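A quick write-up on the structure given underneath.
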Amino acid sequence: MLDTTGTKQSAAPPPAARARAHRRGFGASVPSSVITIASLVIMLVFWETFGREINPIFASYPSEIFKAGVTMVEDGELFEAFIQSMKPLSLGYFIAAVVGVPLGLLTGRYRWAEAGLGMYVTAGYAMPLVALIPLFILWFGLGFAVKVAIVSVLAVFPIAINTWAGAKSVPRTLIELGETYVGSDFQIMTKIIIPSTLPFIMVGLKLAVGRSIIAIVVAEFFTLLTGLGGIILKAGDSFDTARMFVPVVVLMALGIGLTWLVGWLEHKVAPWQREIADSER
């Protein structure tokens with residue numbers, strides 16, 4: 001572009017680009033991994049420093065927790081408890097996904113399903129299902145089955161309600177376009193609704209990770225004292241806070257890892273969603 005004097009002027013960046021640059025602000029050039037590591041180091045240093053000043057009956061600190069964790073790994077107790085917790089957690093989460101996704105799609109796609117099933121999905125999501133654990137014990141006993149049932153019931157509703165919201169948010173024009181080309185209900189569901197709903201489904205799966213981890217610990221508290229929940233309860237009863245924090249840290253790491261795994265899966269099955277999100281930052 002030339003001004004009146006013939007001097008070439010550079011074009012101003014579009015408003016959207018300026019807005020994105022303004023939102024990035026401080027730290028835009030710093031890699032996310034560096035920020036994450038720095039945050040973790042600061043938290044650990046703070047915890048280690050002030051944790052040493054607290055009575056060990058009430059709390060512990062990272063170095064002591066690490067020592068307790070090494071001891072538990074060496075004697076095999078931690079690995080055995082981890083496997084005992086992961087088996088029902090994995091199966092329960094799988095059942096919740098298999099039930100929750102179709103239930104949400106059905107409820108969001110068809111008016112009759114929303115009218116007939118929507119209130120139960122909403123009620124199940126809001127109800128304190130932990131209160132029903134005594135009934136689950138009566139129905140399924142104290143073993144593996146009751147843990148799977150508790151995890152499944154607590155995890156299914158976040159998946160169903162997010163999938164429901166995603167199916168409802170599909171633009172009506174896309175569905176009408178599919179109907180114009182004489183698409184069957186199955187084709188509209190698989191080629192329009194499911195691809196449009198995938199980001200919502202993944203959010204539901206991420207939320208269900210946290211619910212599943214909470215569910216397996218609660219199940220182990222109420223049933224046989226096995227797994228990571230059993231270690232937490234036994235260590236708490238003996239006021240061994242360092243030992244008690246070891247499975248807590250493992251469960252936190254498990255939650256982060258599983259949530260990252262669902263995010264990676266989302267990137268594989270819906271790569272366009274990542275591109276859209278990146279373009280809007």
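Identifiers in the structure tokens: chain A, B, ... in order shown; residue index from 1 per chain; ligand index from 1 in order shown.
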Which residues of region 207-235 of chain A sit at most 8 Å from region 84-88 of chain A, using only C-alpha atoms? Give each one's shortest atom pair and distance in Å (one decimal place), in chain and ascending residue order, as CSV.
```
residue,atom,partner,partner_atom,distance
A:Ile216,CA,A:Ser85,CA,6.8
A:Thr226,CA,A:Gln84,CA,7.0
A:Gly227,CA,A:Ser85,CA,4.9
A:Leu228,CA,A:Ser85,CA,6.3
A:Gly229,CA,A:Ser85,CA,8.0
```
Keeping only N, CA and C atoms, take the residues you just selected and write them out as a compact mmCIF listing (two decimals), in the first residue's frame.
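What ended up in out25.txt:
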```txt
# COMPACT_ATOMS: atom_id res chain seq x y z
N ILE A 216 -13.74 -45.75 42.65
CA ILE A 216 -13.02 -46.95 43.05
C ILE A 216 -12.47 -46.80 44.46
N THR A 226 -9.01 -53.51 50.09
CA THR A 226 -7.98 -53.89 49.14
C THR A 226 -7.67 -52.70 48.23
N GLY A 227 -6.65 -52.84 47.42
CA GLY A 227 -6.31 -51.80 46.47
C GLY A 227 -5.75 -50.55 47.11
N LEU A 228 -5.68 -49.49 46.34
CA LEU A 228 -5.12 -48.24 46.81
C LEU A 228 -5.99 -47.61 47.90
N GLY A 229 -7.30 -47.76 47.77
CA GLY A 229 -8.19 -47.24 48.81
C GLY A 229 -7.98 -47.94 50.14
```
If you run DSSP on the backbone, which residues of region 105-263 of chain A are alpha helix (DSSP H), as a ChimeraX atom specification?
-> /A:105-109,111-126,133-140,144-168,172-180,185-188,194-222,227-237,241-263
Counting only C-alpha atoms, give me one row per residue of region 137-178 of chain A with an atom at most 10 Å from an atom of region 116-121 of chain A, showing the shortest contact pair and its distance in Å to one decimal, sorted by chain then residue number, as a Markdown table.
```
| residue | atom | partner | partner_atom | distance |
| --- | --- | --- | --- | --- |
| A:Val156 | CA | A:Val121 | CA | 9.2 |
| A:Phe157 | CA | A:Val121 | CA | 6.3 |
| A:Pro158 | CA | A:Val121 | CA | 9.1 |
| A:Ala160 | CA | A:Val121 | CA | 7.2 |
| A:Ile161 | CA | A:Val121 | CA | 6.7 |
| A:Trp164 | CA | A:Gly118 | CA | 8.7 |
```
Residue subset to file, keeping N, CA and C atoms, as a PDB file, in the first residue's frame:
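After the write, part36.pdb holds the following:
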```pdb
ATOM      1  N   VAL A 156     -21.075 -43.095  34.360  1.00  0.00           N
ATOM      2  CA  VAL A 156     -21.895 -43.112  33.156  1.00  0.00           C
ATOM      3  C   VAL A 156     -22.607 -41.781  32.919  1.00  0.00           C
ATOM      4  N   PHE A 157     -23.006 -41.096  33.990  1.00  0.00           N
ATOM      5  CA  PHE A 157     -23.835 -39.903  33.801  1.00  0.00           C
ATOM      6  C   PHE A 157     -23.069 -38.698  33.244  1.00  0.00           C
ATOM      7  N   PRO A 158     -21.816 -38.423  33.637  1.00  0.00           N
ATOM      8  CA  PRO A 158     -21.092 -37.334  32.956  1.00  0.00           C
ATOM      9  C   PRO A 158     -20.937 -37.583  31.459  1.00  0.00           C
ATOM     10  N   ALA A 160     -22.990 -39.455  29.533  1.00  0.00           N
ATOM     11  CA  ALA A 160     -24.301 -39.360  28.894  1.00  0.00           C
ATOM     12  C   ALA A 160     -24.762 -37.915  28.763  1.00  0.00           C
ATOM     13  N   ILE A 161     -24.583 -37.118  29.815  1.00  0.00           N
ATOM     14  CA  ILE A 161     -25.128 -35.754  29.790  1.00  0.00           C
ATOM     15  C   ILE A 161     -24.322 -34.855  28.857  1.00  0.00           C
ATOM     16  N   TRP A 164     -25.328 -35.944  25.298  1.00  0.00           N
ATOM     17  CA  TRP A 164     -26.667 -35.396  25.081  1.00  0.00           C
ATOM     18  C   TRP A 164     -26.576 -33.932  24.661  1.00  0.00           C
TER      19      TRP A 164
END
```
Using only C-alpha atoms, which residue out of A:Ala219, A:Val170, A:Ala68, A:Ile54 lies closest to Pro134 (chain A)?
-> A:Ala219
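Between CA of Lys206 (chain A) and CA of Ser32 (chain A) the interatomic distance comes to 20.3 Å.
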Using only C-alpha atoms: which of A:Val218, A:Val248, A:Ala81, A:Val30 has the shortest distance to Ile133 (chain A) |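 Smallest separation from Ile133 (chain A) among the options: A:Val218.
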Quick one: contact table of region 82-112 of chain A to region 183-190 of chain A, 12 Å max, nearest atom pair and distance in Å to one decimal per residue, counting only C-alpha atoms, chain and number order, as a Markdown table?
```
| residue | atom | partner | partner_atom | distance |
| --- | --- | --- | --- | --- |
| A:Pro102 | CA | A:Met189 | CA | 10.8 |
| A:Leu105 | CA | A:Met189 | CA | 8.5 |
| A:Leu106 | CA | A:Met189 | CA | 9.6 |
| A:Gly108 | CA | A:Met189 | CA | 10.9 |
| A:Arg109 | CA | A:Met189 | CA | 8.3 |
| A:Tyr110 | CA | A:Asp185 | CA | 10.6 |
```
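Taking CA of Val148 (chain A) and CA of Gly92 (chain A) as endpoints, the distance between them is 4.6 Å.
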Find the residues near Thr259 (chain A): any atom within 9 Å, counting only C-alpha atoms, skip ones fewer than 2 places away on the same chain, and give them as JSON, numbers by chain.
-> {"A": [205, 206, 207, 209, 210, 254, 255, 256, 257, 261, 262, 263, 264]}
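Candidate residues A:Leu129, A:Leu40, A:Leu135, A:Ile193 were compared for distance to Gly104 (chain A), and the nearest is A:Ile193, using only C-alpha atoms.
The residue that comes closest to Val250 (chain A), out of A:Ile65, A:Leu233, A:Ile159, A:Ala270 and on the basis of only C-alpha atoms, is A:Ile65.
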Using only C-alpha atoms, which of the listed residues (A:Ala149, A:Ala165, A:Val98, A:Gly230) sits closest to Arg243 (chain A)?
->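 Closest to Arg243 (chain A) of all the choices is A:Gly230.
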